[in-house]
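Here's entry.txt, which has compact mmCIF, C-alpha atoms:
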```txt
# COMPACT_ATOMS: atom_id res chain seq x y z
CA MET A 1 -18.64 -12.61 23.72
CA LEU A 2 -16.71 -9.82 22.00
CA ARG A 3 -16.66 -6.43 23.64
CA ALA A 4 -14.92 -3.32 22.41
CA SER A 5 -14.88 -1.34 25.63
CA ALA A 6 -11.91 -2.79 27.50
CA PRO A 7 -8.50 -1.36 26.50
CA SER A 8 -7.26 -4.81 25.45
CA ASP A 9 -10.02 -4.92 22.85
CA TRP A 10 -8.32 -2.14 20.91
CA ILE A 11 -5.41 -2.73 18.56
CA ALA A 12 -2.94 0.01 17.63
CA ALA A 13 -0.55 0.15 14.68
CA ASP A 14 2.15 1.85 16.78
CA PRO A 15 4.43 -1.12 17.56
CA TRP A 16 4.94 -1.97 13.90
CA ARG A 17 5.13 1.67 12.84
CA GLU A 18 7.95 2.08 15.36
CA THR A 19 9.61 -1.08 14.02
CA LEU A 20 9.32 0.29 10.49
CA VAL A 21 11.02 3.53 11.56
CA GLU A 22 13.85 1.53 13.20
CA ARG A 23 14.28 -0.73 10.18
CA ILE A 24 14.38 2.22 7.81
CA GLU A 25 17.23 3.69 9.88
CA ILE A 26 19.10 0.36 9.82
CA ALA A 27 18.54 -0.06 6.09
CA ARG A 28 19.57 3.55 5.42
CA ALA A 29 22.81 3.02 7.32
CA GLY A 30 23.35 -0.17 5.27
CA ARG A 31 24.38 -1.92 8.48
CA ASP A 32 22.53 -5.14 8.10
CA SER A 33 20.74 -6.97 5.30
CA GLU A 34 18.28 -8.26 7.92
CA GLY A 35 17.24 -4.60 8.30
CA VAL A 36 15.97 -4.75 4.72
CA HIS A 37 14.08 -7.95 5.47
CA GLY A 38 12.66 -6.47 8.69
CA LEU A 39 11.48 -3.43 6.74
CA ARG A 40 9.58 -5.67 4.32
CA VAL A 41 7.96 -7.55 7.18
CA ALA A 42 6.94 -4.32 8.93
CA CYS A 43 5.39 -3.02 5.69
CA ALA A 44 3.43 -6.25 5.20
CA ARG A 45 2.14 -6.24 8.78
CA LEU A 46 1.07 -2.60 8.53
CA ASP A 47 -0.67 -3.40 5.23
CA VAL A 48 -2.77 -5.97 7.09
CA PHE A 49 -3.57 -3.46 9.84
CA LEU A 50 -4.83 -1.00 7.20
CA ARG A 51 -6.97 -3.81 5.78
CA PHE A 52 -8.53 -4.11 9.25
CA LEU A 53 -9.53 -0.44 8.88
CA GLY A 54 -10.86 -1.11 5.38
CA TRP A 55 -8.41 1.41 3.93
CA ARG A 56 -6.67 1.47 0.60
CA ALA A 57 -4.88 4.74 1.45
CA LEU A 58 -1.24 4.24 2.52
CA ARG A 59 -1.26 0.61 1.37
CA ASP A 60 0.00 1.61 -2.10
CA ASP A 61 2.79 3.57 -0.38
CA LEU A 62 3.72 0.60 1.79
CA ARG A 63 3.80 -1.59 -1.32
CA TRP A 64 6.07 0.93 -3.08
CA LEU A 65 8.50 0.85 -0.14
CA ARG A 66 8.30 -2.92 0.25
CA ARG A 67 8.92 -3.52 -3.46
CA ALA A 68 12.12 -1.44 -3.41
CA ALA A 69 13.32 -3.40 -0.37
CA SER A 70 12.39 -6.72 -1.97
CA ASN A 71 14.48 -5.94 -5.05
CA VAL A 72 17.55 -5.79 -2.78
CA ARG A 73 16.52 -8.66 -0.51
CA ASP A 74 16.04 -11.02 -3.47
CA PHE A 75 19.70 -10.53 -4.42
CA ASP A 76 20.85 -11.06 -0.82
CA VAL A 77 18.94 -14.35 -0.55
CA LEU A 78 20.29 -15.56 -3.88
CA LEU A 79 23.87 -14.60 -3.07
CA GLU A 80 23.76 -16.75 0.07
CA ARG A 81 23.62 -19.86 -2.16
CA GLU A 82 26.35 -21.68 -4.05
CA LEU A 83 26.11 -20.29 -7.56
CA PRO A 84 27.85 -20.67 -10.92
CA ALA A 85 30.55 -17.98 -11.17
CA SER A 86 29.04 -16.05 -14.09
CA PHE A 87 25.62 -15.95 -12.44
CA ARG A 88 27.13 -14.74 -9.13
CA ALA A 89 29.00 -11.99 -10.97
CA GLN A 90 25.78 -10.92 -12.70
CA LEU A 91 23.86 -10.81 -9.42
CA GLU A 92 26.58 -8.85 -7.62
CA ALA A 93 26.62 -6.30 -10.44
CA ALA A 94 22.82 -6.03 -10.47
CA ARG A 95 22.55 -5.67 -6.68
CA GLU A 96 24.32 -2.31 -6.72
CA PRO A 97 21.73 -0.40 -8.79
CA ALA A 98 18.93 -2.07 -6.79
CA GLN A 99 20.61 -0.88 -3.57
CA ARG A 100 20.97 2.65 -4.97
CA ALA A 101 17.32 2.70 -6.06
CA PHE A 102 16.31 1.50 -2.60
CA ALA A 103 18.42 4.24 -0.94
CA GLN A 104 16.66 6.80 -3.15
CA VAL A 105 13.28 5.46 -2.04
CA LEU A 106 14.31 5.73 1.62
CA ASP A 107 15.35 9.35 1.08
CA ASP A 108 12.25 10.15 -0.97
CA GLU A 109 9.81 12.69 0.40
CA ARG A 110 7.07 10.04 -0.02
CA CYS A 111 8.76 7.80 2.54
CA GLU A 112 8.86 10.63 5.08
CA ALA A 113 5.20 11.48 4.38
CA LEU A 114 4.24 7.82 4.79
CA LEU A 115 5.83 7.65 8.24
CA ALA A 116 4.10 10.91 9.20
CA ALA A 117 0.75 9.56 8.03
CA LEU A 118 1.21 6.24 9.83
CA GLU A 119 1.67 8.17 13.07
CA ASN A 120 -1.97 9.25 12.82
CA VAL A 121 -3.55 5.94 11.87
CA PRO A 122 -6.44 5.29 14.26
CA THR A 123 -6.73 2.24 16.48
CA THR A 124 -9.18 -0.48 15.56
CA THR A 125 -11.29 -2.83 17.61
CA ARG A 126 -10.49 -6.49 18.05
CA LYS A 127 -13.95 -7.32 16.73
CA ARG A 128 -13.35 -5.43 13.50
CA ALA A 129 -9.93 -7.05 13.12
CA MET A 130 -11.47 -10.49 13.59
CA LEU A 131 -14.08 -9.85 10.92
CA ALA A 132 -11.37 -8.69 8.53
CA THR A 133 -9.32 -11.79 9.39
CA GLN A 134 -12.27 -14.01 8.50
CA ARG A 135 -12.46 -12.28 5.13
CA LEU A 136 -8.71 -12.84 4.64
CA ARG A 137 -9.24 -16.51 5.39
CA GLU A 138 -12.07 -16.71 2.86
CA ARG A 139 -9.79 -15.04 0.33
CA LEU A 140 -7.09 -17.61 1.12
CA VAL A 141 -9.49 -20.46 0.44
CA GLU A 142 -10.48 -18.88 -2.90
CA ARG A 143 -6.79 -18.59 -3.81
CA GLY A 144 -6.18 -22.19 -2.77
CA GLU A 145 -9.08 -23.42 -4.90
CA ARG A 146 -7.76 -21.46 -7.87
CA ALA A 147 -4.32 -23.03 -7.38
CA GLU A 148 -5.96 -26.48 -7.30
CA ARG A 149 -7.94 -25.81 -10.48
CA ALA A 150 -4.73 -24.58 -12.14
CA GLU A 151 -3.01 -27.82 -11.02
CA GLY A 152 -0.36 -25.98 -9.05
CA ALA A 153 0.53 -23.29 -11.60
CA VAL A 154 3.33 -21.19 -10.15
CA ASP A 155 1.46 -17.86 -10.54
CA GLU A 156 -1.52 -19.20 -8.60
CA LEU A 157 0.72 -20.60 -5.87
CA HIS A 158 2.40 -17.19 -5.66
CA ALA A 159 -1.00 -15.57 -5.06
CA LEU A 160 -1.76 -18.26 -2.48
CA ARG A 161 1.53 -17.49 -0.69
CA ARG A 162 0.64 -13.80 -0.48
CA ALA A 163 -2.86 -14.54 0.83
CA LEU A 164 -1.33 -16.86 3.40
CA ARG A 165 1.15 -14.21 4.52
CA ARG A 166 -1.72 -11.76 5.08
CA LEU A 167 -3.62 -14.31 7.14
CA ARG A 168 -0.56 -15.08 9.27
CA TYR A 169 0.03 -11.41 10.02
CA ALA A 170 -3.66 -10.91 10.78
CA TYR A 171 -3.44 -13.74 13.34
CA GLU A 172 -0.37 -12.11 14.81
CA TRP A 173 -2.12 -8.75 15.20
CA LEU A 174 -4.77 -10.68 17.14
CA GLY A 175 -2.07 -12.23 19.33
CA SER A 176 -2.47 -15.74 17.96
CA ASP A 177 -0.33 -18.04 15.86
CA SER A 178 -0.84 -21.03 13.57
CA LYS A 179 1.83 -23.65 13.05
CA THR A 180 -0.14 -24.95 10.06
CA VAL A 181 -0.06 -21.56 8.39
CA ARG A 182 3.66 -21.10 9.12
CA ARG A 183 4.56 -24.56 7.77
CA LEU A 184 2.62 -23.94 4.58
CA GLN A 185 4.16 -20.51 4.24
CA ASP A 186 7.66 -22.04 4.52
CA GLU A 187 6.85 -24.51 1.76
CA LEU A 188 5.53 -21.79 -0.55
CA GLY A 189 8.44 -19.51 0.37
CA ALA A 190 10.96 -22.16 -0.75
CA LEU A 191 9.12 -22.44 -4.06
CA ASN A 192 9.22 -18.66 -4.46
CA ASP A 193 12.99 -18.58 -3.83
CA ALA A 194 13.54 -21.14 -6.59
CA VAL A 195 11.27 -19.24 -9.00
CA ILE A 196 13.09 -15.95 -8.35
CA ALA A 197 16.48 -17.63 -8.90
CA LEU A 198 15.28 -19.04 -12.20
CA GLU A 199 13.91 -15.67 -13.31
CA HIS A 200 17.22 -13.95 -12.55
CA LEU A 201 19.17 -16.65 -14.31
CA GLY A 202 17.51 -15.56 -17.55
CA ALA A 203 18.50 -16.95 -20.91
CA SER A 204 20.85 -19.97 -21.10
CA GLU A 205 23.29 -18.37 -23.52
CA GLU A 206 24.21 -15.74 -20.90
CA HIS A 207 25.49 -18.41 -18.49
CA PRO A 208 27.12 -21.35 -20.31
CA ASP A 209 28.51 -22.60 -16.96
CA ALA A 210 25.04 -22.77 -15.40
CA ALA A 211 23.37 -25.61 -17.32
CA GLU A 212 23.43 -27.98 -14.37
CA PHE A 213 22.32 -25.27 -11.95
CA ARG A 214 19.42 -24.35 -14.24
CA ALA A 215 18.32 -27.99 -14.52
CA GLN A 216 18.43 -28.26 -10.73
CA LEU A 217 16.35 -25.09 -10.32
CA GLU A 218 13.78 -26.23 -12.89
CA SER A 219 13.46 -29.54 -11.12
CA ASP A 220 13.23 -27.71 -7.77
CA VAL A 221 10.40 -25.51 -9.02
CA ALA A 222 8.42 -28.48 -10.35
CA ARG A 223 8.95 -30.53 -7.17
CA ARG A 224 8.21 -27.66 -4.80
CA ALA A 225 5.08 -26.64 -6.75
CA ARG A 226 3.73 -30.18 -6.34
CA ALA A 227 4.73 -30.25 -2.66
CA SER A 228 3.16 -26.82 -2.05
CA LEU A 229 -0.11 -27.83 -3.62
CA GLU A 230 -0.19 -31.04 -1.56
CA ALA A 231 0.69 -29.10 1.59
CA TRP A 232 -2.22 -26.74 0.87
CA GLN A 233 -4.63 -29.62 0.34
CA ASP A 234 -3.43 -31.26 3.56
CA SER A 235 -3.73 -28.10 5.66
CA ARG A 236 -6.85 -26.52 4.15
CA ASN A 237 -9.31 -28.01 6.61
CA ALA A 238 -7.06 -27.40 9.61
CA ILE A 239 -6.79 -23.72 8.67
CA LEU A 240 -10.55 -23.43 8.22
CA GLU A 241 -11.19 -25.05 11.60
CA GLU A 242 -8.78 -22.80 13.50
CA PRO A 243 -10.60 -20.35 15.74
CA VAL A 244 -9.98 -16.70 14.84
CA MET B 1 -4.00 16.69 -18.09
CA LYS B 2 -7.21 16.54 -16.05
CA LEU B 3 -6.72 17.61 -12.46
CA CYS B 4 -9.20 17.42 -9.60
CA ILE B 5 -8.27 19.47 -6.54
CA VAL B 6 -10.10 18.50 -3.36
CA ARG B 7 -10.28 20.07 0.08
CA HIS B 8 -10.53 17.45 2.82
CA ALA B 9 -14.03 16.71 4.15
CA ILE B 10 -15.43 17.88 7.51
CA ALA B 11 -13.04 16.99 10.32
CA ALA B 12 -13.50 16.79 14.08
CA ASP B 13 -12.54 19.78 16.22
CA PRO B 14 -9.20 19.42 17.96
CA VAL B 15 -9.28 17.87 21.41
CA GLU B 16 -6.77 18.63 24.12
CA GLY B 17 -3.48 16.83 23.69
CA GLN B 18 -4.28 15.75 20.14
CA ARG B 19 -1.98 16.69 17.27
CA ASP B 20 -3.71 18.71 14.56
CA SER B 21 -2.47 16.13 12.05
CA ALA B 22 -4.42 13.41 13.90
CA ARG B 23 -7.87 15.01 13.59
CA PRO B 24 -10.15 12.47 11.85
CA LEU B 25 -13.19 13.14 9.67
CA THR B 26 -16.45 13.27 11.58
CA SER B 27 -19.07 10.62 10.84
CA ALA B 28 -21.03 13.25 8.92
CA GLY B 29 -17.86 14.24 7.06
CA GLN B 30 -17.29 10.61 6.06
CA ARG B 31 -20.89 10.09 5.01
CA LYS B 32 -21.21 13.34 3.07
CA PHE B 33 -17.94 12.95 1.21
CA ALA B 34 -18.71 9.33 0.34
CA ALA B 35 -21.92 10.69 -1.27
CA ALA B 36 -19.92 13.46 -3.00
CA ALA B 37 -17.57 10.80 -4.43
CA LYS B 38 -20.66 9.15 -5.96
CA GLY B 39 -21.33 12.48 -7.69
CA LEU B 40 -17.83 12.44 -9.15
CA ALA B 41 -18.41 8.86 -10.30
CA ARG B 42 -21.64 9.95 -11.98
CA LEU B 43 -19.68 12.66 -13.81
CA GLU B 44 -17.44 9.79 -15.00
CA VAL B 45 -14.44 11.26 -13.25
CA ARG B 46 -11.63 8.72 -12.79
CA PHE B 47 -8.05 9.08 -11.63
CA ASP B 48 -4.81 7.40 -12.50
CA VAL B 49 -3.31 8.69 -9.27
CA VAL B 50 -4.59 10.40 -6.14
CA LEU B 51 -1.99 12.43 -4.25
CA HIS B 52 -2.90 13.34 -0.69
CA SER B 53 -1.43 15.03 2.35
CA PRO B 54 -0.31 12.86 5.30
CA LEU B 55 -2.73 14.56 7.71
CA LEU B 56 -5.36 12.08 8.84
CA ARG B 57 -8.33 14.11 7.56
CA ALA B 58 -6.78 14.17 4.07
CA VAL B 59 -5.84 10.48 4.19
CA GLU B 60 -9.42 9.56 5.09
CA THR B 61 -10.83 11.85 2.40
CA ALA B 62 -8.50 10.37 -0.23
CA ASP B 63 -9.49 6.88 0.84
CA LEU B 64 -13.14 7.72 0.08
CA LEU B 65 -12.07 8.30 -3.55
CA ARG B 66 -10.57 4.81 -3.83
CA GLU B 67 -13.28 3.42 -6.12
CA LEU B 68 -12.35 6.08 -8.69
CA VAL B 69 -8.64 5.22 -8.76
CA ASP B 70 -7.15 3.07 -11.53
CA ASP B 71 -3.51 3.12 -10.50
CA GLU B 72 -2.56 4.25 -7.02
CA LEU B 73 -3.01 6.53 -4.03
CA ARG B 74 0.18 8.30 -3.04
CA VAL B 75 0.95 10.25 0.13
CA THR B 76 2.99 13.45 -0.11
CA GLY B 77 4.01 16.17 2.29
CA LEU B 78 3.86 18.61 -0.64
CA LEU B 79 0.11 18.95 -0.05
CA SER B 80 0.35 19.97 3.60
CA ARG B 81 2.14 23.22 2.81
CA ALA B 82 1.92 26.10 0.33
CA PRO B 83 2.13 24.87 -3.27
CA THR B 84 5.60 24.75 -4.79
CA LYS B 85 7.19 23.90 -8.12
CA GLY B 86 7.99 20.54 -6.53
CA LEU B 87 4.25 19.85 -6.31
CA LEU B 88 3.74 20.77 -9.97
CA ASP B 89 6.63 18.45 -10.90
CA ALA B 90 4.81 15.63 -9.08
CA LEU B 91 1.81 15.96 -11.43
CA ASP B 92 3.02 13.12 -13.64
CA ALA B 93 -0.17 11.33 -14.72
CA ASP B 94 -2.96 12.27 -17.15
CA ARG B 95 -5.80 12.15 -14.62
CA MET B 96 -4.98 13.10 -11.07
CA ALA B 97 -6.67 14.18 -7.87
CA LEU B 98 -4.95 16.18 -5.14
CA VAL B 99 -6.41 16.11 -1.63
CA GLY B 100 -5.19 18.87 0.63
CA HIS B 101 -6.00 21.80 2.89
CA GLU B 102 -6.93 25.46 2.87
CA PRO B 103 -5.50 27.96 2.11
CA TYR B 104 -3.17 25.86 -0.03
CA VAL B 105 -5.76 24.30 -2.34
CA SER B 106 -7.17 27.76 -3.17
CA GLU B 107 -3.63 29.05 -3.78
CA LEU B 108 -2.94 26.12 -6.06
CA VAL B 109 -6.06 26.72 -8.16
CA ALA B 110 -5.28 30.45 -8.39
CA TRP B 111 -1.69 29.70 -9.39
CA LEU B 112 -2.57 27.14 -12.04
CA VAL B 113 -5.49 29.08 -13.55
CA THR B 114 -4.31 32.71 -13.31
CA GLY B 115 -0.57 32.40 -12.67
CA ASP B 116 -1.03 34.49 -9.51
CA ARG B 117 -1.37 32.61 -6.23
CA GLN B 118 -2.29 35.86 -4.44
CA LEU B 119 -5.75 35.48 -6.04
CA ALA B 120 -6.51 32.50 -3.81
CA ARG B 121 -9.56 34.24 -2.27
CA ALA B 122 -11.30 34.11 -5.62
CA PHE B 123 -11.38 30.30 -5.32
CA PRO B 124 -12.80 29.48 -1.88
CA PHE B 125 -13.29 25.78 -1.18
CA LYS B 126 -15.90 24.32 1.11
CA LYS B 127 -14.78 21.27 3.06
CA GLY B 128 -15.14 18.38 0.64
CA GLY B 129 -15.37 20.82 -2.29
CA VAL B 130 -13.74 20.10 -5.63
CA ALA B 131 -12.16 22.11 -8.46
CA LEU B 132 -11.82 20.50 -11.89
CA LEU B 133 -9.02 21.77 -14.13
CA GLU B 134 -7.65 20.87 -17.54
CA GLY B 135 -4.46 21.81 -19.38
CA ALA B 136 -0.73 21.76 -18.80
CA PRO B 137 0.09 21.74 -15.06
CA LYS B 138 2.02 25.00 -15.14
CA PRO B 139 1.19 28.40 -13.61
CA GLY B 140 -1.51 30.16 -15.63
CA GLU B 141 -1.87 27.30 -18.15
CA MET B 142 -4.86 25.40 -16.79
CA PHE B 143 -8.57 26.03 -17.37
CA LEU B 144 -11.12 25.76 -14.61
CA THR B 145 -13.85 23.46 -15.94
CA GLY B 146 -15.80 22.98 -12.72
CA PHE B 147 -15.94 24.23 -9.14
CA LEU B 148 -18.36 22.15 -7.13
CA SER B 149 -19.46 22.21 -3.53
CA PRO B 150 -19.97 18.90 -1.76
CA ALA B 151 -23.74 19.55 -1.71
CA GLN B 152 -23.75 19.92 -5.50
CA LEU B 153 -21.75 16.70 -5.88
CA ARG B 154 -24.13 14.87 -3.57
CA ALA B 155 -27.08 16.11 -5.60
CA ILE B 156 -25.41 14.90 -8.80
CA GLY B 157 -24.75 11.55 -7.14
CA LYS B 158 -28.44 11.21 -6.23
CA LYS B 159 -29.81 12.31 -9.61
CA ARG B 160 -31.79 9.57 -11.36
```

So, in terms of structure tokens, how does the structure I just supplied come out?
Amino acid sequence: MLRASAPSDWIAADPWRETLVERIEIARAGRDSEGVHGLRVACARLDVFLRFLGWRALRDDLRWLRRAASNVRDFDVLLERELPASFRAQLEAAREPAQRAFAQVLDDERCEALLAALENVPTTTRKRAMLATQRLRERLVERGERAERAEGAVDELHALRRALRRLRYAYEWLGSDSKTVRRLQDELGALNDAVIALEHLGASEEHPDAAEFRAQLESDVARRARASLEAWQDSRNAILEEPV
Amino acid sequence: MKLCIVRHAIAADPVEGQRDSARPLTSAGQRKFAAAAKGLARLEVRFDVVLHSPLLRAVETADLLRELVDDELRVTGLLSRAPTKGLLDALDADRMALVGHEPYVSELVAWLVTGDRQLARAFPFKKGGVALLEGAPKPGEMFLTGFLSPAQLRAIGKKR
């Protein structure tokens, strides 16, 4: 039976707020591209905590911060791959303004105010968090069904990936884990990486040396979209049967 | 632009060891301002953006306006201190709400409507009270089109 009186039945945002503060410092110092990734993760986890509270406030601010970090992180992930020379040169040139924009966001008064506001976010009960997690799971199923009806359209799989990420972080706030969710998230994450690469590659005429790379990416997207949809269909019931 | 300036709703008294910034709304404060927000909805007030102070009582008040927001809620430290030109520069949408604290919200209304922030006492806000302004967001260039207490907004929200 759920009780909200024992201290362990309360959940506080503090650990991930503190992580966010640390990651902002690392990202600001430009020491480590993992700092940028860690910042995104901290924002996404705190977003889920605010969903537990039923808040919209501060979630738009977290999204603003996360988006600026993602613009840089996308380049870092892409630049880790083997790439046609002209595409690499384009990405390296485009990373600089994204990094500058991100630095501006980190120094923005809004970022400071967000951290101040997060310091005052109230704790929530485990029971409330569990109810919110059940809603996130229902939302995931809706997203999955939409992706099925759309026969694995990339946009729908993208929405499914985001819903899955929220559910995973909700489980983690509750101190649990799901291998099924993580495996599915990896599959959808690989699809997303290929989609982002293709989007950045842009029009063919800009990169005459990238015809083979483009064909490989297009094939990757098609294959991974099919695999992601199948992985969802295979794991749907297991996810629904997992105890929250 | 259309600007709605809001004083945070009724907050709990400070308890020992608690930061002032961490004082939450009381249950009554939550309930009453949620009803006041229905009054704003009935007046067909909508916002592109809601700016709010980072103090918990303002965050919670702003969150109660969420159904009226088309674009985003945005936190800013500019609303937890006396109004500055920086705050006016942040008024970058056509329909905005600002959720803050006394005496700053009264100063802001006085500044925008009369050009003189020393006239703040002429614009006293109740907790959860709202001032509605229209015009260019510059000192002395806005018109006060409404100044409503939370009780008035609740009554409007209930009206059949």

Distance-based interface of chain B with chain A, 12 Å, counting all atoms listed in the file, as a PyMOL selection string: chain B and resi 18-25+49-80+86-87+90+99

Computed interatomic separation between atom CA of Arg166 of chain A and atom CA of Arg135 of chain A (Å):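 Going from atom CA of Arg166 of chain A over to atom CA of Arg135 of chain A, I get 10.8 Å.
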
Separation of atom CA of Arg224 of chain A from atom CA of Glu187 of chain A, in Å and rounded to one decimal: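 Computing it gives 7.4 Å between the two atoms.
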
Distance of atom CA of Ile24 of chain A from atom CA of Arg128 of chain A, expressed in Å to one decimal place: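 Pair atom CA of Arg128 of chain A / atom CA of Ile24 of chain A returns 29.3 Å.
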
Closest of B:Gly129, B:Thr84, B:Glu16, B:Val105 to Leu153 of chain B - atom-to-atom distances counting all atoms listed in the file: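 Closest residue, counting all atoms listed in the file: B:Gly129.
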